[in-house]
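Here is the file input21.csv (CSV, C-alpha atoms).
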```csv
chain,number,residue,atom,x,y,z
C,1,MET,CA,-7.6,19.2,40.1
C,2,ASP,CA,-4.2,20.3,41.2
C,3,THR,CA,-3.0,23.3,39.1
C,4,ALA,CA,-1.5,25.1,42.0
C,5,VAL,CA,1.9,26.7,41.2
C,6,THR,CA,4.4,26.0,44.0
C,7,THR,CA,7.2,28.5,44.5
C,8,PRO,CA,9.3,26.9,47.3
C,9,ALA,CA,11.6,28.8,49.6
C,10,GLY,CA,15.3,28.6,48.7
C,11,PRO,CA,17.4,29.5,45.7
C,12,PRO,CA,15.8,29.6,42.3
C,13,VAL,CA,16.4,26.8,39.8
C,14,GLY,CA,19.2,27.6,37.3
C,15,LEU,CA,17.8,27.2,33.8
C,16,THR,CA,19.3,27.1,30.3
C,17,LEU,CA,16.9,27.8,27.4
C,18,ALA,CA,17.7,25.9,24.1
C,19,GLY,CA,16.2,27.4,21.0
C,20,CYS,CA,16.0,31.2,20.6
C,21,ASN,CA,13.8,31.5,17.5
C,22,SER,CA,11.1,34.1,17.1
C,23,SER,CA,8.4,32.0,18.7
C,24,VAL,CA,10.3,31.8,21.9
C,25,LEU,CA,11.1,35.5,21.9
C,26,TYR,CA,7.4,36.4,21.2
C,27,LEU,CA,5.8,33.7,23.4
C,28,TYR,CA,7.9,33.7,26.5
C,29,GLY,CA,9.0,37.2,26.0
C,30,PRO,CA,11.4,39.1,28.3
C,31,HIS,CA,8.7,39.7,31.0
C,32,THR,CA,8.3,36.0,31.7
C,33,PHE,CA,11.8,35.2,32.8
C,34,ARG,CA,12.2,38.5,34.6
C,35,LEU,CA,9.1,37.8,36.7
C,36,LEU,CA,10.0,34.1,37.3
C,37,ARG,CA,10.5,33.6,41.1
C,38,GLY,CA,11.2,29.9,41.2
C,39,GLY,CA,13.9,30.0,38.5
C,40,ARG,CA,16.6,32.1,37.0
C,41,LEU,CA,17.8,32.1,33.4
C,42,ILE,CA,21.5,31.2,33.4
C,43,SER,CA,22.1,30.8,29.7
C,44,VAL,CA,20.5,30.5,26.3
C,45,VAL,CA,21.5,28.3,23.4
C,46,ASP,CA,21.0,28.6,19.7
C,47,ILE,CA,23.0,27.4,16.6
C,48,ASP,CA,22.8,31.0,15.3
C,49,ALA,CA,25.2,33.1,17.4
C,50,ALA,CA,23.6,36.4,16.6
C,51,ARG,CA,20.2,35.0,17.6
C,52,ALA,CA,21.6,33.6,20.8
C,53,ARG,CA,23.3,36.9,21.7
C,54,GLU,CA,20.1,38.8,21.1
C,55,ALA,CA,18.0,36.4,23.2
C,56,CYS,CA,20.6,36.6,26.0
C,57,ALA,CA,20.2,40.4,26.2
C,58,LEU,CA,16.5,40.4,25.7
C,59,LEU,CA,15.6,37.6,28.2
C,60,GLY,CA,18.2,38.7,30.8
C,61,ALA,CA,20.3,35.6,30.7
C,62,GLN,CA,23.9,35.6,32.1
C,63,ARG,CA,25.6,34.0,29.0
C,64,TRP,CA,24.9,32.4,25.7
C,65,HIS,CA,26.1,29.4,23.7
C,66,THR,CA,25.9,27.9,20.3
C,67,ASP,CA,26.6,24.4,21.7
C,68,PHE,CA,24.0,22.7,23.9
C,69,GLU,CA,26.5,20.4,25.4
C,70,GLN,CA,28.6,23.4,26.6
C,71,ALA,CA,25.5,24.8,28.4
C,72,LEU,CA,25.1,21.4,30.1
C,73,GLU,CA,28.6,21.6,31.5
C,74,ASP,CA,27.7,24.7,33.5
C,75,ASP,CA,27.3,23.8,37.2
C,76,ALA,CA,24.9,26.7,37.7
C,77,VAL,CA,22.5,25.1,35.3
C,78,GLU,CA,20.1,22.6,37.0
C,79,ALA,CA,17.5,22.2,34.3
C,80,ALA,CA,17.0,22.7,30.5
C,81,VAL,CA,14.0,24.2,28.8
C,82,LEU,CA,13.9,22.8,25.3
C,83,ALA,CA,12.2,25.1,22.7
C,84,THR,CA,14.0,23.5,19.7
C,85,PRO,CA,12.5,21.6,16.8
C,86,GLY,CA,10.9,18.2,17.5
C,87,TRP,CA,13.7,16.2,15.9
C,88,LEU,CA,16.1,17.5,18.5
C,89,HIS,CA,14.0,16.8,21.6
C,90,GLU,CA,15.2,13.2,22.0
C,91,PRO,CA,18.9,13.7,21.7
C,92,GLN,CA,18.8,16.9,23.8
C,93,THR,CA,16.7,15.3,26.5
C,94,VAL,CA,19.0,12.3,26.7
C,95,ALA,CA,22.1,14.5,26.9
C,96,ALA,CA,20.5,16.7,29.6
C,97,ALA,CA,19.5,13.6,31.6
C,98,ARG,CA,23.0,12.2,31.4
C,99,ALA,CA,24.4,15.5,32.7
C,100,GLY,CA,22.0,15.3,35.6
C,101,LYS,CA,19.8,18.1,34.4
C,102,HIS,CA,16.0,18.2,34.7
C,103,VAL,CA,14.0,18.9,31.5
C,104,LEU,CA,11.0,21.0,30.5
C,105,CYS,CA,10.4,19.9,26.9
C,106,GLU,CA,8.2,21.9,24.5
C,107,LYS,CA,5.4,20.1,22.7
C,108,PRO,CA,5.1,17.9,20.8
C,109,MET,CA,7.3,15.9,23.1
C,110,ALA,CA,9.0,14.2,20.1
C,111,ARG,CA,8.3,12.9,16.6
C,112,THR,CA,7.4,9.3,17.5
C,113,VAL,CA,6.4,7.2,20.4
C,114,GLU,CA,9.8,5.4,20.2
C,115,GLU,CA,11.6,8.7,20.7
C,116,CYS,CA,9.3,9.5,23.7
C,117,ASP,CA,10.1,6.1,25.2
C,118,ARG,CA,13.9,6.7,25.0
C,119,MET,CA,13.5,10.2,26.6
C,120,ILE,CA,11.4,8.7,29.4
C,121,ALA,CA,13.9,5.9,30.0
C,122,ALA,CA,16.9,8.3,30.1
C,123,CYS,CA,15.3,10.6,32.6
C,124,GLU,CA,14.1,7.7,34.8
C,125,ASP,CA,17.6,6.2,34.8
C,126,ALA,CA,19.1,9.6,35.7
C,127,GLY,CA,16.5,10.3,38.4
C,128,VAL,CA,15.6,13.7,36.8
C,129,THR,CA,12.2,15.4,36.2
C,130,LEU,CA,10.8,15.4,32.7
C,131,MET,CA,7.8,17.7,32.2
C,132,ILE,CA,6.2,18.4,28.8
C,133,ALA,CA,5.2,22.0,28.1
C,134,HIS,CA,1.5,21.7,27.3
C,135,MET,CA,1.1,25.3,28.4
C,136,LYS,CA,-2.6,25.4,27.7
C,137,ARG,CA,-3.2,23.4,30.9
C,138,PHE,CA,-1.9,26.5,32.7
C,139,HIS,CA,-4.2,28.9,30.9
C,140,ARG,CA,-6.8,30.3,33.2
C,141,ALA,CA,-9.7,30.0,30.8
C,142,PHE,CA,-8.9,26.4,29.9
C,143,ARG,CA,-8.6,25.5,33.6
C,144,LYS,CA,-12.0,27.1,34.0
C,145,VAL,CA,-13.4,24.6,31.4
C,146,ARG,CA,-12.0,21.7,33.3
C,147,GLU,CA,-13.5,23.1,36.6
C,148,LEU,CA,-17.0,23.4,35.0
C,149,ILE,CA,-16.8,19.8,33.7
C,150,GLU,CA,-15.6,18.5,37.1
C,151,GLY,CA,-18.3,20.4,38.8
C,152,GLY,CA,-21.0,18.6,36.8
C,153,VAL,CA,-22.3,21.9,35.2
C,154,LEU,CA,-22.5,20.2,31.8
C,155,GLY,CA,-23.7,16.9,33.1
C,156,ASP,CA,-22.2,13.9,31.3
C,157,VAL,CA,-19.8,15.2,28.6
C,158,PHE,CA,-20.0,13.1,25.5
C,159,ALA,CA,-18.1,15.2,22.9
C,160,VAL,CA,-15.5,17.9,22.4
C,161,ARG,CA,-15.2,19.7,19.0
C,162,GLY,CA,-12.1,21.8,18.3
C,163,GLN,CA,-11.1,24.1,15.4
C,164,TRP,CA,-7.8,26.0,15.4
C,165,ASP,CA,-6.9,27.9,12.2
C,166,GLU,CA,-4.3,30.5,11.6
C,167,PRO,CA,-3.6,32.6,8.5
C,168,ALA,CA,-0.1,31.3,7.7
C,169,ARG,CA,-0.7,30.3,4.0
C,170,ASP,CA,3.0,30.6,3.1
C,171,LEU,CA,4.1,28.2,5.7
C,172,GLY,CA,6.8,25.9,4.5
C,173,ALA,CA,8.3,28.5,2.2
C,174,ASP,CA,10.7,29.8,4.8
C,175,GLY,CA,12.1,26.6,6.2
C,176,THR,CA,9.9,26.5,9.3
C,177,PHE,CA,9.7,23.3,11.2
C,178,ARG,CA,6.2,22.5,9.9
C,179,GLY,CA,7.5,22.4,6.4
C,180,ASP,CA,10.7,20.5,7.3
C,181,PRO,CA,10.9,16.8,6.3
C,182,ARG,CA,12.6,16.1,9.6
C,183,SER,CA,9.5,16.9,11.6
C,184,LEU,CA,7.5,13.9,10.3
C,185,GLY,CA,4.4,16.0,10.2
C,186,GLY,CA,3.1,19.5,9.7
C,187,GLN,CA,0.1,21.5,11.1
C,188,TRP,CA,-1.4,18.5,13.0
C,189,HIS,CA,2.1,17.6,14.4
C,190,ASP,CA,2.2,21.1,15.9
C,191,HIS,CA,-1.4,22.1,16.8
C,192,GLY,CA,-2.7,18.6,17.2
C,193,ALA,CA,-0.5,18.2,20.3
C,194,HIS,CA,-2.4,21.0,22.0
C,195,MET,CA,-5.9,20.1,20.7
C,196,SER,CA,-5.8,16.4,21.6
C,197,ASP,CA,-4.1,17.0,24.9
C,198,LEU,CA,-6.9,19.5,25.9
C,199,ALA,CA,-9.6,17.0,24.9
C,200,CYS,CA,-8.0,14.2,26.9
C,201,TRP,CA,-7.5,16.5,29.9
C,202,TRP,CA,-11.0,17.9,29.9
C,203,LEU,CA,-12.6,14.5,29.4
C,204,ASP,CA,-10.2,13.0,31.9
C,205,SER,CA,-9.9,10.1,29.4
C,206,PRO,CA,-7.2,9.0,27.0
C,207,ALA,CA,-8.0,8.1,23.4
C,208,LYS,CA,-8.4,4.4,22.5
C,209,ARG,CA,-8.5,4.8,18.7
C,210,VAL,CA,-7.9,7.5,16.2
C,211,ASN,CA,-8.9,8.4,12.6
C,212,GLY,CA,-7.2,11.1,10.6
C,213,VAL,CA,-7.2,12.8,7.2
C,214,ILE,CA,-4.5,15.2,6.0
C,215,ARG,CA,-4.1,17.4,2.9
C,216,SER,CA,-1.4,19.8,1.5
C,217,VAL,CA,-3.3,22.7,0.1
C,218,GLY,CA,-0.7,25.5,-0.1
C,219,GLU,CA,1.8,25.4,-2.9
C,220,HIS,CA,4.7,25.4,-0.5
C,221,MET,CA,3.6,22.5,1.7
C,222,ILE,CA,5.2,19.4,0.2
C,223,ALA,CA,7.0,17.8,3.1
C,224,ALA,CA,3.8,17.5,5.2
C,225,GLU,CA,0.2,18.8,5.6
C,226,ASP,CA,-1.4,22.2,6.2
C,227,PHE,CA,-4.9,20.9,6.7
C,228,ALA,CA,-5.9,18.1,9.1
C,229,ILE,CA,-9.0,16.5,10.6
C,230,ALA,CA,-8.7,13.9,13.4
C,231,THR,CA,-11.4,12.1,15.3
C,232,LEU,CA,-10.6,10.5,18.7
C,233,ASP,CA,-12.6,7.8,20.3
C,234,HIS,CA,-12.0,8.1,24.1
C,235,GLU,CA,-11.9,5.3,26.6
C,236,ASN,CA,-14.8,6.7,28.6
C,237,GLY,CA,-17.1,6.6,25.5
C,238,ALA,CA,-16.8,10.3,24.6
C,239,VAL,CA,-15.7,11.5,21.1
C,240,SER,CA,-13.5,14.5,20.2
C,241,CYS,CA,-13.1,16.0,16.7
C,242,HIS,CA,-10.3,18.3,15.7
C,243,GLN,CA,-9.7,20.4,12.6
C,244,THR,CA,-6.7,22.7,12.0
C,245,THR,CA,-5.3,24.5,9.0
C,246,THR,CA,-3.1,27.4,7.9
C,247,GLN,CA,-5.2,27.8,4.7
C,248,THR,CA,-7.6,30.4,6.0
C,249,TYR,CA,-8.3,34.0,5.3
C,250,ARG,CA,-9.7,34.9,8.7
C,251,PRO,CA,-7.3,36.7,11.0
C,252,TRP,CA,-7.4,34.0,13.7
C,253,TYR,CA,-9.8,31.3,14.8
C,254,GLU,CA,-9.6,29.0,17.8
C,255,THR,CA,-12.7,27.5,19.2
C,256,TYR,CA,-13.8,24.5,21.3
C,257,GLU,CA,-17.3,23.2,22.0
C,258,VAL,CA,-17.8,20.9,25.0
C,259,MET,CA,-21.1,19.1,24.9
C,260,GLY,CA,-22.8,17.5,27.8
C,261,ASN,CA,-26.3,16.1,28.4
C,262,ARG,CA,-27.1,19.1,30.6
C,263,GLY,CA,-25.4,22.0,28.8
C,264,THR,CA,-23.0,23.1,26.1
C,265,LEU,CA,-19.9,25.2,26.7
C,266,LEU,CA,-18.5,27.3,23.8
C,267,VAL,CA,-14.9,28.5,24.0
C,268,GLN,CA,-14.1,31.2,21.4
C,269,ALA,CA,-10.7,33.0,21.0
C,270,THR,CA,-10.5,35.9,18.6
C,271,ARG,CA,-6.9,36.5,19.6
C,272,HIS,CA,-3.9,34.2,19.6
C,273,THR,CA,-4.2,32.6,23.0
C,274,SER,CA,-0.4,32.3,23.2
C,275,LEU,CA,0.1,36.0,22.6
C,276,SER,CA,-2.7,37.7,24.5
C,277,PHE,CA,-3.5,37.8,28.2
C,278,GLU,CA,-7.2,38.5,27.4
C,279,PRO,CA,-9.0,35.2,27.8
C,280,PRO,CA,-11.2,33.5,25.2
C,281,THR,CA,-14.9,33.9,25.9
C,282,LEU,CA,-16.7,31.1,27.6
C,283,SER,CA,-20.4,30.8,26.9
C,284,LEU,CA,-22.5,28.3,28.8
C,285,TYR,CA,-25.8,27.2,27.1
C,286,ASP,CA,-28.6,25.3,28.7
C,287,GLN,CA,-32.4,24.8,28.1
C,288,THR,CA,-33.9,26.4,31.1
C,289,GLU,CA,-35.8,28.8,28.7
C,290,GLY,CA,-37.2,26.0,26.5
C,291,HIS,CA,-36.1,23.6,23.8
C,292,PHE,CA,-35.5,26.2,21.1
C,293,ASN,CA,-34.6,29.1,23.4
C,294,ALA,CA,-31.3,28.2,25.0
C,295,ARG,CA,-30.2,30.4,27.9
C,296,VAL,CA,-26.6,31.6,27.6
C,297,VAL,CA,-24.5,32.7,30.5
C,298,ASP,CA,-21.0,34.3,30.2
C,299,VAL,CA,-18.6,32.4,32.4
C,300,THR,CA,-15.4,33.9,31.1
C,301,PRO,CA,-12.7,34.4,33.7
C,302,TYR,CA,-12.0,38.1,32.8
C,303,LEU,CA,-9.0,40.0,33.9
C,304,GLY,CA,-9.5,42.2,37.0
C,305,PHE,CA,-8.3,45.7,37.7
C,306,GLU,CA,-5.0,44.9,39.4
C,307,ILE,CA,-3.2,44.8,36.1
C,308,ASP,CA,0.3,43.5,37.2
C,309,ARG,CA,-1.1,40.7,39.3
C,310,GLU,CA,-3.8,39.8,36.8
C,311,THR,CA,-1.4,39.6,33.8
C,312,GLN,CA,1.0,37.5,35.8
C,313,ALA,CA,-1.7,35.1,36.7
C,314,ALA,CA,-2.9,35.0,33.1
C,315,ASN,CA,0.6,34.3,31.7
C,316,GLN,CA,0.4,30.6,31.0
C,317,TYR,CA,4.2,30.4,30.3
C,318,LEU,CA,5.1,32.0,33.6
C,319,GLN,CA,2.7,29.7,35.5
C,320,GLU,CA,4.1,26.7,33.6
C,321,LEU,CA,7.7,27.6,34.4
C,322,GLU,CA,6.9,28.3,38.1
C,323,HIS,CA,5.2,24.9,38.3
C,324,PHE,CA,8.2,23.2,36.7
C,325,CYS,CA,10.7,24.9,39.0
C,326,GLY,CA,8.6,24.1,42.0
C,327,CYS,CA,8.4,20.4,41.0
C,328,VAL,CA,12.2,20.3,40.5
C,329,ARG,CA,13.0,21.9,43.8
C,330,LEU,CA,10.4,19.8,45.8
C,331,GLY,CA,10.8,16.6,43.9
C,332,LYS,CA,7.1,16.4,42.9
C,333,GLU,CA,5.5,14.9,39.9
C,334,PRO,CA,4.6,17.7,37.4
C,335,LEU,CA,1.0,18.4,36.2
C,336,VAL,CA,2.0,17.4,32.7
C,337,THR,CA,3.9,14.2,32.9
C,338,ALA,CA,6.1,12.6,30.3
C,339,ALA,CA,3.4,9.8,29.9
C,340,MET,CA,0.8,12.5,29.0
C,341,GLY,CA,3.2,14.1,26.5
C,342,ARG,CA,3.8,10.7,25.0
C,343,HIS,CA,0.1,10.1,24.7
C,344,ALA,CA,-0.3,13.3,22.7
C,345,VAL,CA,2.5,12.1,20.3
C,346,GLU,CA,0.8,8.7,20.2
C,347,ILE,CA,-2.4,10.4,19.0
C,348,ILE,CA,-0.5,12.5,16.4
C,349,ASN,CA,1.3,9.4,15.1
C,350,ALA,CA,-2.0,7.4,15.0
C,351,ALA,CA,-3.8,10.1,13.0
C,352,TYR,CA,-1.1,10.2,10.4
C,353,LEU,CA,-0.9,6.4,10.2
C,354,SER,CA,-4.7,6.3,9.9
C,355,HIS,CA,-4.5,8.6,6.9
C,356,PHE,CA,-1.8,6.5,5.2
C,357,ARG,CA,-3.5,3.2,6.0
C,358,GLY,CA,-7.0,4.4,5.3
C,359,ALA,CA,-8.4,3.0,8.5
C,360,TRP,CA,-8.8,3.7,12.2
C,361,VAL,CA,-5.7,3.0,14.3
C,362,ASP,CA,-6.1,1.4,17.7
C,363,LEU,CA,-4.2,2.5,20.8
C,364,PRO,CA,-1.8,1.8,22.5
C,365,LEU,CA,0.4,2.4,19.5
C,366,ARG,CA,3.4,0.0,19.8
C,367,ASP,CA,5.3,1.0,16.7
C,368,SER,CA,5.3,4.1,14.5
C,369,GLY,CA,8.5,3.3,12.6
C,370,GLU,CA,6.7,3.3,9.3
C,371,LEU,CA,6.0,7.1,9.5
C,372,ALA,CA,9.3,8.1,8.0
C,373,ASP,CA,8.6,6.0,4.8
C,374,CYS,CA,5.0,7.2,4.7
C,375,PHE,CA,6.1,10.8,4.7
C,376,ARG,CA,8.8,10.1,2.2
C,377,GLN,CA,6.2,8.7,-0.2
C,378,TYR,CA,3.9,11.6,0.6
C,379,ARG,CA,6.6,14.1,-0.4
C,380,GLU,CA,7.2,12.3,-3.7
C,381,THR,CA,3.5,12.3,-4.4
C,382,GLN,CA,3.2,16.0,-3.7
C,383,ARG,CA,6.2,16.8,-6.0
C,384,ARG,CA,4.8,14.8,-8.9
C,385,ARG,CA,1.3,16.3,-8.4
C,386,ARG,CA,2.8,19.8,-8.6
C,387,GLY,CA,5.2,19.1,-11.3
C,388,HIS,CA,8.3,19.5,-9.2
C,389,SER,CA,11.5,17.7,-10.1
```
Starting from the coordinates I provided, produce the structure as structure tokens.
Amino acid sequence: MDTAVTTPAGPPVGLTLAGCNSSVLYLYGPHTFRLLRGGRLISVVDIDAARAREACALLGAQRWHTDFEQALEDDAVEAAVLATPGWLHEPQTVAAARAGKHVLCEKPMARTVEECDRMIAACEDAGVTLMIAHMKRFHRAFRKVRELIEGGVLGDVFAVRGQWDEPARDLGADGTFRGDPRSLGGQWHDHGAHMSDLACWWLDSPAKRVNGVIRSVGEHMIAAEDFAIATLDHENGAVSCHQTTTQTYRPWYETYEVMGNRGTLLVQATRHTSLSFEPPTLSLYDQTEGHFNARVVDVTPYLGFEIDRETQAANQYLQELEHFCGCVRLGKEPLVTAAMGRHAVEIINAAYLSHFRGAWVDLPLRDSGELADCFRQYRETQRRRRGHS
């Protein structure tokens, strides 16, 4: 498994960051770009001038713009980091590719597989790198899970179960992208990209069919769902099950259970894994003590005492950016390819189509064009059910 971060000799890659909302400021944070060795932040872009100006100062960029095209005209910019809503990913990726800029695109890669295909084609035609920002693949604890599976510690892995809940019960009330009709999806569209990608990566196997169920529980969620369950049947015979919701009263809950015929690995995060450098706990269970007396071993990759070095190594966003810049400078294929990002979108689309069709959806998914009409009808149903005009 190649997760090495390459920082080549030579000048750092000039970056522009598109999208300066609160999640970018909180998740990337000023420390990430200031510690980045392989790249330097030339500019930031946001449609809100005040937000762009604030991000420019906070992240240490040289200049700010409200027009993405203007940022692409800058010769100092070699690559674009897209942290904008999903409906902008295709047009911005295509624009960047035509300008000869490489692209690191936040997840989910796009709204539909058709948009993904156009993004891939544009970057291939322009000869630029397109990497998808599934940053959990750069998280030290999640890499440890993959290492344990590859090392045969669990034996033959036959299932992965994931649950990722967050207490954001008013989601959709303030115009966030998960409550915006343009997203073509809600909670599963966002968190499902991470959960399904982790399962496919850990199992080293793509999904071959998908089943999904969605619900709008909160009073504000009309455009899409705030509760989702998806089941993935993988090509290697394993199954993964995923549940996510904002309708919870617990502070935070993210857990994964990886089940093999020789052991079970439990991954539990009591903190937001995007905000904390402290790793989730990894507990390895086996039956060396008897059938009903499982032995448990703590295999968590805890932080060491060298705080600066340890927190840098644990910063998944920093590791992701270093990897991207190294791939751009050396012309190497990134760890998370556009094809992998597309497959995550394919799974998201298939889970939604499964819900609307009331049946499993086989992959590969050739066409997801009906999603727009499906969600339009979904919104109308939610409005009628809640007595909205």
Residue among C:Leu27, C:Leu184, C:Val45, C:Leu154 lying closest to Glu370 in chain C, counting all atoms listed in the file: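 Selected residue with least distance to Glu370 in chain C: C:Leu184.
Our summary of the geometry notes that CA of Asp233 in chain C is positioned 16.8 Å from CA of His194 in chain C.
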C:Ser283, C:Thr273, C:Gln92, C:Thr176 ranked by distance to Asn315 in chain C, top pick (using only C-alpha atoms): C:Thr273
Non-local contacts of Pro334 in chain C (7 Å; only C-alpha atoms; under 3 positions in same chain excluded) as a ChimeraX atom specification: /C:131,324,327,337
Contacts of Ala159 in chain C at 10 Å (all atoms listed in the file; same-chain gap of 3+ positions) as a PyMOL selection string: chain C and resi 156+199+203+232-234+237-241+257-261+264
Would you export the selected residues with C-alpha atoms as a tab-separated table (two decimals), in the coordinates of the input, please?
```tsv
chain	number	residue	atom	x	y	z
C	156	ASP	CA	-22.20	13.90	31.30
C	199	ALA	CA	-9.60	17.00	24.90
C	203	LEU	CA	-12.60	14.50	29.40
C	232	LEU	CA	-10.60	10.50	18.70
C	233	ASP	CA	-12.60	7.80	20.30
C	234	HIS	CA	-12.00	8.10	24.10
C	237	GLY	CA	-17.10	6.60	25.50
C	238	ALA	CA	-16.80	10.30	24.60
C	239	VAL	CA	-15.70	11.50	21.10
C	240	SER	CA	-13.50	14.50	20.20
C	241	CYS	CA	-13.10	16.00	16.70
C	257	GLU	CA	-17.30	23.20	22.00
C	258	VAL	CA	-17.80	20.90	25.00
C	259	MET	CA	-21.10	19.10	24.90
C	260	GLY	CA	-22.80	17.50	27.80
C	261	ASN	CA	-26.30	16.10	28.40
C	264	THR	CA	-23.00	23.10	26.10
```
Residue among C:Glu306, C:Asp46, C:Glu235, C:Asp298 lying closest to Asp362 in chain C, counting only C-alpha atoms: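 Nearest candidate to Asp362 in chain C out of C:Glu306, C:Asp46, C:Glu235, C:Asp298: C:Glu235.
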From C:Glu225, C:Asp170, C:Glu147, C:Asp180, residue lying nearest Asp204 in chain C [all atoms listed in the file]: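 For Asp204 in chain C, the nearest of the candidates is C:Glu147.
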Close residues, Ser216 in chain C itself excluded, 8 Å, all atoms listed in the file, min 2 positions apart in chain, as a PyMOL selection string: chain C and resi 214+218-219+221-222+224-227+382
Dump C-alpha atoms for the selected residues as a PDB file, in the coordinates of the input?
```pdb
ATOM      1  CA  ILE C 214      -4.500  15.200   6.000  1.00  0.00           C
ATOM      2  CA  GLY C 218      -0.700  25.500  -0.100  1.00  0.00           C
ATOM      3  CA  GLU C 219       1.800  25.400  -2.900  1.00  0.00           C
ATOM      4  CA  MET C 221       3.600  22.500   1.700  1.00  0.00           C
ATOM      5  CA  ILE C 222       5.200  19.400   0.200  1.00  0.00           C
ATOM      6  CA  ALA C 224       3.800  17.500   5.200  1.00  0.00           C
ATOM      7  CA  GLU C 225       0.200  18.800   5.600  1.00  0.00           C
ATOM      8  CA  ASP C 226      -1.400  22.200   6.200  1.00  0.00           C
ATOM      9  CA  PHE C 227      -4.900  20.900   6.700  1.00  0.00           C
ATOM     10  CA  GLN C 382       3.200  16.000  -3.700  1.00  0.00           C
TER      11      GLN C 382
END
```
Residue nearest Ser183 in chain C among C:Arg111, C:His65, C:Arg215, C:Lys144 (counting all atoms listed in the file): C:Arg111
Atomic separation - CA of Gly152 in chain C relative to CA of Gln312 in chain C, Å: 29.0 Å
For His220 in chain C, the nearest of the candidates C:Gly179, C:Pro12, C:Gly155, C:Pro251, counting only C-alpha atoms: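 Using only C-alpha atoms, the shortest distance to His220 in chain C belongs to C:Gly179.
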Distance in Å - CA of Ala223 in chain C versus CA of Lys107 in chain C: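 Distance between the two atoms: 19.8 Å.
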Restrict the calculation to only C-alpha atoms, then for each residue of range 161-267 of chain C with any atom at most 10 Å from an atom of range 339-347 of chain C give the closest atom pair and their distance in Å to one decimal, rows by chain and rising residue number, as a Markdown table.
```
| residue | atom | partner | partner_atom | distance |
| --- | --- | --- | --- | --- |
| C:His189 | CA | C:Val345 | CA | 8.1 |
| C:Gly192 | CA | C:Ala344 | CA | 8.0 |
| C:Ala193 | CA | C:Ala344 | CA | 5.5 |
| C:His194 | CA | C:Ala344 | CA | 8.0 |
| C:Met195 | CA | C:Ala344 | CA | 9.0 |
| C:Ser196 | CA | C:Ala344 | CA | 6.4 |
| C:Asp197 | CA | C:Ala344 | CA | 5.7 |
| C:Leu198 | CA | C:Ala344 | CA | 9.6 |
| C:Cys200 | CA | C:Ala344 | CA | 8.8 |
| C:Trp201 | CA | C:Met340 | CA | 9.3 |
| C:Pro206 | CA | C:His343 | CA | 7.7 |
| C:Ala207 | CA | C:Ile347 | CA | 7.5 |
| C:Lys208 | CA | C:Ile347 | CA | 9.2 |
| C:Arg209 | CA | C:Ile347 | CA | 8.3 |
| C:Val210 | CA | C:Ile347 | CA | 6.8 |
| C:Asn211 | CA | C:Ile347 | CA | 9.3 |
| C:Gly212 | CA | C:Ile347 | CA | 9.7 |
| C:Ala230 | CA | C:Ile347 | CA | 9.1 |
| C:Thr231 | CA | C:Ile347 | CA | 9.9 |
| C:Leu232 | CA | C:Ile347 | CA | 8.2 |
```
Selection: 7 Å around Val13 in chain C, only C-alpha atoms, excl. self and same-chain fewer than 5 positions, as a compact mmCIF listing (two decimals) with C-alpha atoms, keeping the file's coordinate frame:
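Output contents, as saved in result_22.txt:
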```txt
# COMPACT_ATOMS: atom_id res chain seq x y z
CA GLY C 38 11.20 29.90 41.20
CA GLY C 39 13.90 30.00 38.50
CA ARG C 40 16.60 32.10 37.00
CA GLU C 78 20.10 22.60 37.00
CA CYS C 325 10.70 24.90 39.00
```
Tell me, as a PDB file with C-alpha atoms, keeping the file's coordinate frame, which residues lie within 7 Å of Leu59 in chain C, counting all atoms listed in the file; anything in the same chain fewer than 3 positions away does not count.
```pdb
ATOM      1  CA  GLY C  29       9.000  37.200  26.000  1.00  0.00           C
ATOM      2  CA  PRO C  30      11.400  39.100  28.300  1.00  0.00           C
ATOM      3  CA  PHE C  33      11.800  35.200  32.800  1.00  0.00           C
ATOM      4  CA  ALA C  55      18.000  36.400  23.200  1.00  0.00           C
ATOM      5  CA  CYS C  56      20.600  36.600  26.000  1.00  0.00           C
TER       6      CYS C  56
END
```
Place N, CA and C atoms on range 46-52 of chain C and deliver the coordinates as a PDB file, in the frame of the given file.
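Below you can see result-v3.pdb, which holds the result:
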```pdb
ATOM      1  N   ASP C  46      21.582  28.670  21.008  1.00  0.00           N
ATOM      2  CA  ASP C  46      21.000  28.600  19.700  1.00  0.00           C
ATOM      3  C   ASP C  46      22.191  28.407  18.686  1.00  0.00           C
ATOM      4  N   ILE C  47      21.930  27.676  17.607  1.00  0.00           N
ATOM      5  CA  ILE C  47      23.000  27.400  16.600  1.00  0.00           C
ATOM      6  C   ILE C  47      23.392  28.714  15.904  1.00  0.00           C
ATOM      7  N   ASP C  48      22.510  29.707  15.916  1.00  0.00           N
ATOM      8  CA  ASP C  48      22.800  31.000  15.300  1.00  0.00           C
ATOM      9  C   ASP C  48      23.324  31.934  16.406  1.00  0.00           C
ATOM     10  N   ALA C  49      24.601  32.294  16.324  1.00  0.00           N
ATOM     11  CA  ALA C  49      25.200  33.100  17.400  1.00  0.00           C
ATOM     12  C   ALA C  49      24.570  34.443  17.556  1.00  0.00           C
ATOM     13  N   ALA C  50      24.199  35.090  16.468  1.00  0.00           N
ATOM     14  CA  ALA C  50      23.600  36.400  16.600  1.00  0.00           C
ATOM     15  C   ALA C  50      22.223  36.292  17.296  1.00  0.00           C
ATOM     16  N   ARG C  51      21.487  35.238  16.993  1.00  0.00           N
ATOM     17  CA  ARG C  51      20.200  35.000  17.600  1.00  0.00           C
ATOM     18  C   ARG C  51      20.361  34.722  19.112  1.00  0.00           C
ATOM     19  N   ALA C  52      21.369  33.914  19.439  1.00  0.00           N
ATOM     20  CA  ALA C  52      21.600  33.600  20.800  1.00  0.00           C
ATOM     21  C   ALA C  52      22.040  34.836  21.616  1.00  0.00           C
TER      22      ALA C  52
END
```
